[in-house]
Amino acid sequence: MNTTIDLNTKEKITWCPGCLNNVALIAFKKAIKELGEEGKVDPMKIVLVTDIGCNGKIYDYVNLSSIYGLHGRVIPAAYGTKIGNPDLKVIGFAGDGGTYGEGMGHVVSASRKNFPITMFVLNNGVFALTKGQTSPTKKDSDNIAPLAIARAAGAKFLARGTTFFPDQLTILMKEAIMHDGFSLTDIVQPCIIFNNNSTELRERLERVEAMGEEQLSDELKQGKIHTGIYIEK
Ligand SMILES: Cc1ncc(C[n+]2csc(CCOP(=O)(O)OP(=O)(O)O)c2C)c(N)n1
Ligand code: SF4
Ligand SMILES: [Mg+2]
């Protein structure tokens, strides 16, 4: 197993200065590096499937085999890749607009049928790349609770992380990647240009060891947003 792969690339990062996507990128690379060093994952057998959006630029910033997919269609592309070669560890990376808007039907199918893929969603509450239109998770806009929906559809591994707790985010990512079936990790963060809700998020976010059914939907109640892992017992 090759655990010494350099995950960095030479591509210039074009996210806005201070974009929290950088935190998720660092947490993700740390997770892959540590799993490689622990002998749990072979980075050469990982395929990253990315979406369109600010989040999608991660395709250029991680030195892994990758597919730059269509907007909202990361889950089918990832599942097809896994079916084609079950030896691969397939990791989807996408945004809230693509995954919970256009792609929500795929979340339901993946949850229901337990597709053996990992999904990370950078949830900034807006369609950021296209200049900040409201996404399904933006607070005060009849927002949805994606983890509760996935749970209702049968998902067995759900996690919520945040770029405000980067150490926990790495831990969540490692657990999600090691999970054999479908895992959905929602990563709450502001978009500092189009949805700068940093102060509000800092007040609402609360780290917990394990999430229960009720905590999955706390975001919908617009109170505390718990970060942690829910695993079906
Ligand atoms: C099928 C389709 N619909 C719409 C678009 C235009 N589009 C590109 S990126 C984007 C918004 C992405 O929002 P999100 O998924 O939340 O990602 P973010 O930019 O916030 O990271 C949209 C609407 C597209 N490329 N393809
Ligand atoms: S618009 Fe928002 S999400 Fe996109 S790069 Fe800038 S800060 Fe990041
Ligand atoms: Mg978004």
# chains A, B, ... in the order shown; residues from 1 in each chain; ligands from 1
>>> select_by_dssp(residues="range 88-209 of chain A", states="strand (DSSP E)", output="PyMOL selection string")
chain A and resi 89-95+118-123+126-127+133-134+157-162+183-188+205-209
>>> residues_near_ligand(ligand="ligand 3", cutoff="12 Å", atoms="only C-alpha atoms and all ligand atoms", output="ChimeraX atom specification")
/A:20-21,51-56,71-72,93-101,121-138,186-195
>>> closest_atom_pairs(of="range 113-195 of chain A", to="range 73-82 of chain A", cutoff="9 Å", atoms="only C-alpha atoms", output="JSON lines")
{"residue": "A:Phe115", "atom": "CA", "partner": "A:Tyr79", "partner_atom": "CA", "distance": 6.6}
{"residue": "A:Pro116", "atom": "CA", "partner": "A:Tyr79", "partner_atom": "CA", "distance": 7.4}
{"residue": "A:Ile117", "atom": "CA", "partner": "A:Tyr79", "partner_atom": "CA", "distance": 6.6}
{"residue": "A:Thr118", "atom": "CA", "partner": "A:Ala78", "partner_atom": "CA", "distance": 8.7}
{"residue": "A:Met119", "atom": "CA", "partner": "A:Ile75", "partner_atom": "CA", "distance": 7.7}
>>> closest_residue(among="A:Met173, A:Ile13, A:Cys19, A:Ile46", to="ligand 2", atoms="only C-alpha atoms and all ligand atoms")
A:Cys19
>>> closest_residue(among="A:Asn22, A:Asn8, A:Thr227, A:Asn143", to="ligand 2", atoms="only C-alpha atoms and all ligand atoms")
A:Asn22
>>> atom_distance(atom1="CA of Asp180 in chain A", atom2="CA of Thr4 in chain A")
23.8 Å
>>> closest_residue(among="A:Leu48, A:Met104, A:Val208, A:Leu64", to="Lys224 in chain A", atoms="only C-alpha atoms")
A:Val208
>>> closest_residue(among="A:Gly103, A:Gly92, A:Gly39, A:Pro86", to="ligand 1", atoms="only C-alpha atoms and all ligand atoms")
A:Gly103
>>> closest_residue(among="A:Leu7, A:Val47, A:Ile58, A:Ile229", to="ligand 2", atoms="only C-alpha atoms and all ligand atoms")
A:Ile58
>>> residues_around(residues="Lys233 in chain A", least_positions_apart="5", cutoff="12 Å", atoms="only C-alpha atoms", output="PyMOL selection string")
chain A and resi 155-157+210-213
>>> write_last_selection(atoms="N, CA and C atoms", output="PDB file, in the first residue's frame")
ATOM      1  N   ALA A 155     -30.980   6.091   5.753  1.00  0.00           N
ATOM      2  CA  ALA A 155     -29.517   6.200   5.916  1.00  0.00           C
ATOM      3  C   ALA A 155     -29.093   5.730   7.303  1.00  0.00           C
ATOM      4  N   LYS A 156     -27.975   5.000   7.339  1.00  0.00           N
ATOM      5  CA  LYS A 156     -27.523   4.417   8.608  1.00  0.00           C
ATOM      6  C   LYS A 156     -26.367   5.187   9.234  1.00  0.00           C
ATOM      7  N   PHE A 157     -25.634   5.945   8.422  1.00  0.00           N
ATOM      8  CA  PHE A 157     -24.506   6.725   8.948  1.00  0.00           C
ATOM      9  C   PHE A 157     -24.670   8.163   8.493  1.00  0.00           C
ATOM     10  N   ALA A 210     -22.103  11.905  20.283  1.00  0.00           N
ATOM     11  CA  ALA A 210     -22.927  11.106  19.371  1.00  0.00           C
ATOM     12  C   ALA A 210     -24.268  11.802  19.192  1.00  0.00           C
ATOM     13  N   MET A 211     -24.810  11.715  17.982  1.00  0.00           N
ATOM     14  CA  MET A 211     -26.116  12.334  17.727  1.00  0.00           C
ATOM     15  C   MET A 211     -27.208  11.279  17.785  1.00  0.00           C
ATOM     16  N   GLY A 212     -28.359  11.674  18.315  1.00  0.00           N
ATOM     17  CA  GLY A 212     -29.543  10.808  18.305  1.00  0.00           C
ATOM     18  C   GLY A 212     -30.502  11.281  17.228  1.00  0.00           C
ATOM     19  N   GLU A 213     -31.611  10.547  17.089  1.00  0.00           N
ATOM     20  CA  GLU A 213     -32.597  10.880  16.050  1.00  0.00           C
ATOM     21  C   GLU A 213     -33.051  12.339  16.150  1.00  0.00           C
TER      22      GLU A 213
END
>>> closest_residue(among="A:His106, A:Arg202, A:Lys12, A:Lys40", to="Lys57 in chain A", atoms="only C-alpha atoms")
A:Lys12
>>> residues_around(residues="Ile225 in chain A", least_positions_apart="3", cutoff="6 Å", atoms="only C-alpha atoms", output="PyMOL selection string")
chain A and resi 204-205+218-219
>>> select_by_dssp(residues="range 102-233 of chain A", states="alpha helix (DSSP H)", output="number ranges by chain")
A: 104-113, 146-152, 166-178, 198-204, 213-216, 218-221
>>> write_last_selection(atoms="N, CA and C atoms", output="compact mmCIF listing (two decimals), in the first residue's frame")
# COMPACT_ATOMS: atom_id res chain seq x y z
N MET A 104 -31.41 16.01 -4.68
CA MET A 104 -31.99 15.43 -3.46
C MET A 104 -32.56 14.04 -3.69
N GLY A 105 -33.08 13.79 -4.89
CA GLY A 105 -33.61 12.45 -5.19
C GLY A 105 -32.51 11.40 -5.07
N HIS A 106 -31.29 11.78 -5.43
CA HIS A 106 -30.17 10.83 -5.33
C HIS A 106 -29.82 10.57 -3.86
N VAL A 107 -29.97 11.59 -3.01
CA VAL A 107 -29.72 11.38 -1.57
C VAL A 107 -30.69 10.35 -1.02
N VAL A 108 -31.95 10.48 -1.44
CA VAL A 108 -32.98 9.54 -0.97
C VAL A 108 -32.66 8.11 -1.45
N SER A 109 -32.31 7.98 -2.73
CA SER A 109 -31.99 6.64 -3.26
C SER A 109 -30.77 6.05 -2.56
N ALA A 110 -29.73 6.86 -2.41
CA ALA A 110 -28.48 6.36 -1.78
C ALA A 110 -28.74 5.95 -0.34
N SER A 111 -29.61 6.70 0.35
CA SER A 111 -29.95 6.38 1.74
C SER A 111 -30.77 5.10 1.81
N ARG A 112 -31.74 5.02 0.94
CA ARG A 112 -32.66 3.88 0.92
C ARG A 112 -31.93 2.59 0.58
N LYS A 113 -31.05 2.67 -0.45
CA LYS A 113 -30.39 1.46 -0.96
C LYS A 113 -28.99 1.28 -0.39
N PRO A 146 -31.49 18.26 5.88
CA PRO A 146 -31.07 17.16 4.98
C PRO A 146 -30.78 15.85 5.70
N LEU A 147 -30.21 15.92 6.89
CA LEU A 147 -29.88 14.66 7.57
C LEU A 147 -31.15 13.95 8.02
N ALA A 148 -32.13 14.72 8.46
CA ALA A 148 -33.40 14.10 8.87
C ALA A 148 -34.09 13.44 7.67
N ILE A 149 -34.00 14.08 6.52
CA ILE A 149 -34.58 13.48 5.31
C ILE A 149 -33.85 12.20 4.95
N ALA A 150 -32.53 12.23 4.99
CA ALA A 150 -31.74 11.03 4.67
C ALA A 150 -32.05 9.91 5.66
N ARG A 151 -32.21 10.28 6.93
CA ARG A 151 -32.52 9.27 7.95
C ARG A 151 -33.89 8.64 7.67
N ALA A 152 -34.86 9.52 7.33
CA ALA A 152 -36.20 9.00 7.04
C ALA A 152 -36.17 8.05 5.85
N PRO A 166 -12.44 22.28 13.10
CA PRO A 166 -11.70 21.50 12.11
C PRO A 166 -11.15 20.19 12.63
N ASP A 167 -10.79 20.14 13.92
CA ASP A 167 -10.26 18.87 14.46
C ASP A 167 -11.36 17.81 14.45
N GLN A 168 -12.56 18.21 14.87
CA GLN A 168 -13.67 17.25 14.84
C GLN A 168 -14.02 16.85 13.40
N LEU A 169 -13.91 17.82 12.49
CA LEU A 169 -14.24 17.55 11.09
C LEU A 169 -13.34 16.44 10.53
N THR A 170 -12.07 16.48 10.85
CA THR A 170 -11.16 15.42 10.39
C THR A 170 -11.58 14.07 10.95
N ILE A 171 -11.95 14.05 12.23
CA ILE A 171 -12.38 12.79 12.87
C ILE A 171 -13.63 12.26 12.18
N LEU A 172 -14.61 13.15 11.94
CA LEU A 172 -15.85 12.74 11.28
C LEU A 172 -15.57 12.19 9.88
N MET A 173 -14.67 12.88 9.18
CA MET A 173 -14.35 12.45 7.81
C MET A 173 -13.71 11.07 7.80
N LYS A 174 -12.83 10.84 8.75
CA LYS A 174 -12.17 9.52 8.82
C LYS A 174 -13.21 8.42 9.08
N GLU A 175 -14.10 8.67 10.02
CA GLU A 175 -15.14 7.68 10.34
C GLU A 175 -16.05 7.43 9.13
N ALA A 176 -16.41 8.52 8.47
CA ALA A 176 -17.31 8.40 7.31
C ALA A 176 -16.65 7.60 6.20
N ILE A 177 -15.39 7.87 5.94
CA ILE A 177 -14.68 7.17 4.86
C ILE A 177 -14.56 5.68 5.19
N MET A 178 -14.40 5.35 6.46
CA MET A 178 -14.24 3.95 6.85
C MET A 178 -15.57 3.20 6.91
N SER A 198 -21.48 33.84 10.08
CA SER A 198 -20.48 33.28 11.01
C SER A 198 -20.88 33.49 12.47
N THR A 199 -21.31 34.69 12.82
CA THR A 199 -21.64 34.98 14.22
C THR A 199 -22.78 34.10 14.70
N GLU A 200 -23.81 34.02 13.86
CA GLU A 200 -24.97 33.19 14.22
C GLU A 200 -24.56 31.73 14.35
N LEU A 201 -23.78 31.24 13.41
CA LEU A 201 -23.39 29.82 13.47
C LEU A 201 -22.56 29.53 14.73
N ARG A 202 -21.66 30.45 15.06
CA ARG A 202 -20.84 30.24 16.27
C ARG A 202 -21.73 30.09 17.50
N GLU A 203 -22.83 30.83 17.53
CA GLU A 203 -23.73 30.75 18.70
C GLU A 203 -24.54 29.45 18.69
N ARG A 204 -24.87 28.95 17.51
CA ARG A 204 -25.76 27.79 17.43
C ARG A 204 -25.04 26.44 17.43
N GLU A 213 -31.61 10.55 17.09
CA GLU A 213 -32.60 10.88 16.05
C GLU A 213 -33.05 12.34 16.15
N GLU A 214 -33.32 12.78 17.38
CA GLU A 214 -33.86 14.13 17.55
C GLU A 214 -32.87 15.19 17.11
N GLN A 215 -31.59 14.95 17.43
CA GLN A 215 -30.59 15.97 17.12
C GLN A 215 -30.36 16.11 15.62
N LEU A 216 -30.71 15.07 14.86
CA LEU A 216 -30.52 15.15 13.41
C LEU A 216 -31.30 16.31 12.82
N ASP A 218 -32.31 19.09 14.41
CA ASP A 218 -32.26 20.34 15.17
C ASP A 218 -32.06 21.57 14.30
N GLU A 219 -31.38 21.39 13.18
CA GLU A 219 -31.15 22.53 12.30
C GLU A 219 -32.48 23.11 11.82
N LEU A 220 -33.44 22.21 11.61
CA LEU A 220 -34.75 22.64 11.13
C LEU A 220 -35.47 23.49 12.18
N LYS A 221 -35.23 23.13 13.45
CA LYS A 221 -35.88 23.90 14.52
C LYS A 221 -35.22 25.25 14.72
>>> atom_distance(atom1="CA of Thr14 in chain A", atom2="CA of Thr50 in chain A")
16.3 Å
